[in-house]
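Here's the structure, in structure tokens; my notes come after.
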Amino acid sequence: PPSSTSRRDRMPDSAVAPSACTTIEEVGSTGVGALTIAFLVLGVSTIVFIARAGSATAQKRYYYCSIFICGFATMAYFAMLSGQGWTAIAGCRQFFYARYVDWSITTPLIILELGLIAGAEPASIAAAIGADVVMVFSGYMGAVSVVTTVKWFWFLIGIGVFVPVLYTLAVTFRESAVSKGSEIADVYGKVAWLTIVLWIVYPLIWLFSEGFASFSVSFEVCAYALVDILSKAVLGFMVMSAHDILGEGGSQSREYV
């Protein structure tokens with residue numbers, strides 16, 4: 001297959017439809033290495049969370065979220081590593097749509113996990129998940145758009161619904177966590193701000209990869225892989241480190257499971 005140094009046709013990005021491609025800029029060896037590392041880290045994390053869930057009581061809900069978050073991500077990275085889950089988009093660039101399938105499942109689960117930790121109202125959790133799904137869908141539609149104005153219209157829609165999601169994580173869920181006591185508030189604060197900071201990085205990567213196509217495909221893959229590992233596996237281990245605290249606070253939010 002073409003290496004990461006393969007270049008698109010001479011035509012402007014906005015004028016090149018995928019069907020017109022004679023060569024495609026594909027992921028190189030560095031990107032493949034990043035896919036491999038992400039697959040292994042997320043896969044091992046899934047196994048660890050499964051093992052830990054067996055001895056958990058009130059904490060099972062959090063481990064189940066972590067299991068499926070890392071489990072679905074592992075499957076997505078296996079697909080990308082196996083040469084599946086991609087197509088060519090405008091500009092003759094390799095586009096891994098498998099990650100959007102991953103995000104459409106794992107990011108709602110992350111919101112659910114954070115909401116459960118905070119003891120948030122089910123309606124608030126559902127609203128945040130709904131906005132998140134719209135955000136992921138908008139990112140996908142923007143990425144595959146051939147017309148430049150359409151691409152940026154989808155991007156603006158995604159950012160428009162992204163802001164309420166961030167507000168929910170930073171304010172609404174935080175208020176619920178504070179009401180459960182200082183220990184739960186401290187745990188929630190750590191995992192929530194990790195999530196918020198990393199989720200802000202995603203649209204920045206999108207801007208310079210699916211958006212302006214400034215990043216090479218390999219750099220894009222490396223950047224997304226790093227953020228995925230931190231926002232999924234590291235998040236899960238942070239939650240696991242608060243095992244005892246979440247066990248004590250679990251009975252207070254049992255009605256939300």
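Labels for the structure tokens follow display order: chains A, B, ..., residues from 1 in each chain, ligands from 1.
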
Closest pair table for range 18-95 of chain A residues within 12 Å of range 117-130 of chain A, only C-alpha atoms, as a Markdown table:
| residue | atom | partner | partner_atom | distance |
| --- | --- | --- | --- | --- |
| A:Ala58 | CA | A:Ile117 | CA | 11.3 |
| A:Gln59 | CA | A:Ile117 | CA | 9.6 |
| A:Lys60 | CA | A:Ile117 | CA | 11.7 |
| A:Arg61 | CA | A:Ile117 | CA | 9.4 |
| A:Tyr62 | CA | A:Ile117 | CA | 7.8 |
| A:Tyr63 | CA | A:Ile117 | CA | 11.4 |
| A:Cys65 | CA | A:Ile117 | CA | 11.1 |

message: Which residues are near range 195-207 of chain A? Cut-off 8 Å, only C-alpha atoms, ignore same chain within fewer than 4 positions. Put them as a list in words.
response: Leu166, Leu169, Ala170, Val191, Gly211, Phe212, Ala213, Glu220, Ala223, Tyr224, Val227, Leu230, Ser231 and Leu235 of chain A

Write the residues you've just listed into a file as an mmCIF file, in the first residue's frame, and include C-alpha atoms for each of them.
data_model
loop_
_atom_site.group_PDB
_atom_site.id
_atom_site.type_symbol
_atom_site.label_atom_id
_atom_site.label_comp_id
_atom_site.auth_asym_id
_atom_site.auth_seq_id
_atom_site.Cartn_x
_atom_site.Cartn_y
_atom_site.Cartn_z
ATOM 1 C CA LEU A 166 -18.707 20.635 28.806
ATOM 2 C CA LEU A 169 -19.527 17.974 33.166
ATOM 3 C CA ALA A 170 -17.966 21.089 34.720
ATOM 4 C CA VAL A 191 -11.806 12.435 36.503
ATOM 5 C CA GLY A 211 -10.580 19.909 8.767
ATOM 6 C CA PHE A 212 -7.591 21.631 7.159
ATOM 7 C CA ALA A 213 -5.678 18.395 6.414
ATOM 8 C CA GLU A 220 -3.408 12.344 13.170
ATOM 9 C CA ALA A 223 -2.601 12.177 18.292
ATOM 10 C CA TYR A 224 -6.005 10.499 18.454
ATOM 11 C CA VAL A 227 -5.914 11.086 23.665
ATOM 12 C CA LEU A 230 -5.698 8.929 28.332
ATOM 13 C CA SER A 231 -9.436 9.562 28.150
ATOM 14 C CA LEU A 235 -9.742 7.423 33.255
#

- prompt: Looking at A:Asp102, A:Cys92, A:Ala51, A:Ile69, which one is nearest to Cys21 in chain A, with distances taken over only C-alpha atoms?
  reply: A:Cys92

message: Please list as a list of chain:residue names every residue within 8 Å of Phe95 in chain A, counting only C-alpha atoms and excluding residues in the same chain fewer than 5 positions away.
response: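 Selected residues are A:Trp86, A:Thr87, A:Ala88, A:Ile89, A:Glu210.
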
Those same residues - C-alpha atoms - I'd like them written as a PDB file, in the first residue's frame.
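Saved the output as selection-v3.pdb:
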ATOM      1  CA  TRP A  86     -11.530   3.357   6.690  1.00  0.00           C
ATOM      2  CA  THR A  87     -12.290   5.032   3.407  1.00  0.00           C
ATOM      3  CA  ALA A  88     -10.885   7.836   1.253  1.00  0.00           C
ATOM      4  CA  ILE A  89     -12.289  11.318   1.780  1.00  0.00           C
ATOM      5  CA  GLU A 210     -10.163  16.123   8.941  1.00  0.00           C
TER       6      GLU A 210
END

If you count only C-alpha atoms, which residues fall within 6 Å of range 79-85 of chain A, apart from same-chain ones fewer than 5 positions away, as a short mmCIF file (atom, residue, chain, number, x, y, z; two decimals) with N, CA, C and O atoms, in the first residue's frame?
data_model
loop_
_atom_site.label_atom_id
_atom_site.label_comp_id
_atom_site.auth_asym_id
_atom_site.auth_seq_id
_atom_site.Cartn_x
_atom_site.Cartn_y
_atom_site.Cartn_z
N LEU A 35 -1.36 2.73 16.51
CA LEU A 35 -2.55 1.88 16.54
C LEU A 35 -2.30 0.61 17.36
O LEU A 35 -3.17 0.17 18.13
N PHE A 96 -10.33 7.16 8.94
CA PHE A 96 -10.77 6.01 9.76
C PHE A 96 -12.11 6.31 10.40
O PHE A 96 -12.18 6.90 11.48
N TYR A 97 -13.18 5.87 9.74
CA TYR A 97 -14.51 6.09 10.32
C TYR A 97 -14.77 5.17 11.51
O TYR A 97 -15.71 5.40 12.28
N ALA A 98 -13.93 4.14 11.68
CA ALA A 98 -14.11 3.23 12.82
C ALA A 98 -14.02 3.97 14.15
O ALA A 98 -14.68 3.59 15.12
#

message: Please identify the helix (DSSP H, G or I) residues within range 59-173 of chain A (assignment by DSSP from backbone atoms) and present them as JSON, numbers by chain.
response: {"A": [60, 61, 62, 63, 64, 65, 66, 67, 68, 69, 70, 71, 72, 73, 74, 75, 76, 77, 78, 79, 80, 81, 98, 99, 100, 101, 102, 103, 104, 105, 106, 107, 108, 109, 110, 111, 112, 113, 114, 115, 116, 117, 118, 122, 123, 124, 125, 126, 127, 128, 129, 130, 131, 132, 133, 134, 135, 136, 137, 138, 139, 140, 141, 142, 143, 144, 148, 149, 150, 151, 152, 153, 154, 155, 156, 157, 158, 159, 160, 161, 162, 163, 164, 165, 166, 167, 168, 169, 170, 171, 172, 173]}

message: Just want the 10 Å neighbourhood of Gly43 in chain A, counted on only C-alpha atoms, with same-chain residues fewer than 6 positions away dropped. Output as a list of chain:residue names.
response: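 These residues fall inside the cut-off: A:Ile37, A:Ile67, A:Cys70, A:Gly71, A:Phe72, A:Ala73, A:Thr74, A:Met75, A:Tyr77, A:Phe78, A:Ala233.
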
message: What does the structure give for the distance between CA of Glu25 in chain A and CA of Ser209 in chain A, in Å to one decimal?
response: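 Interatomic distance here is 12.0 Å.
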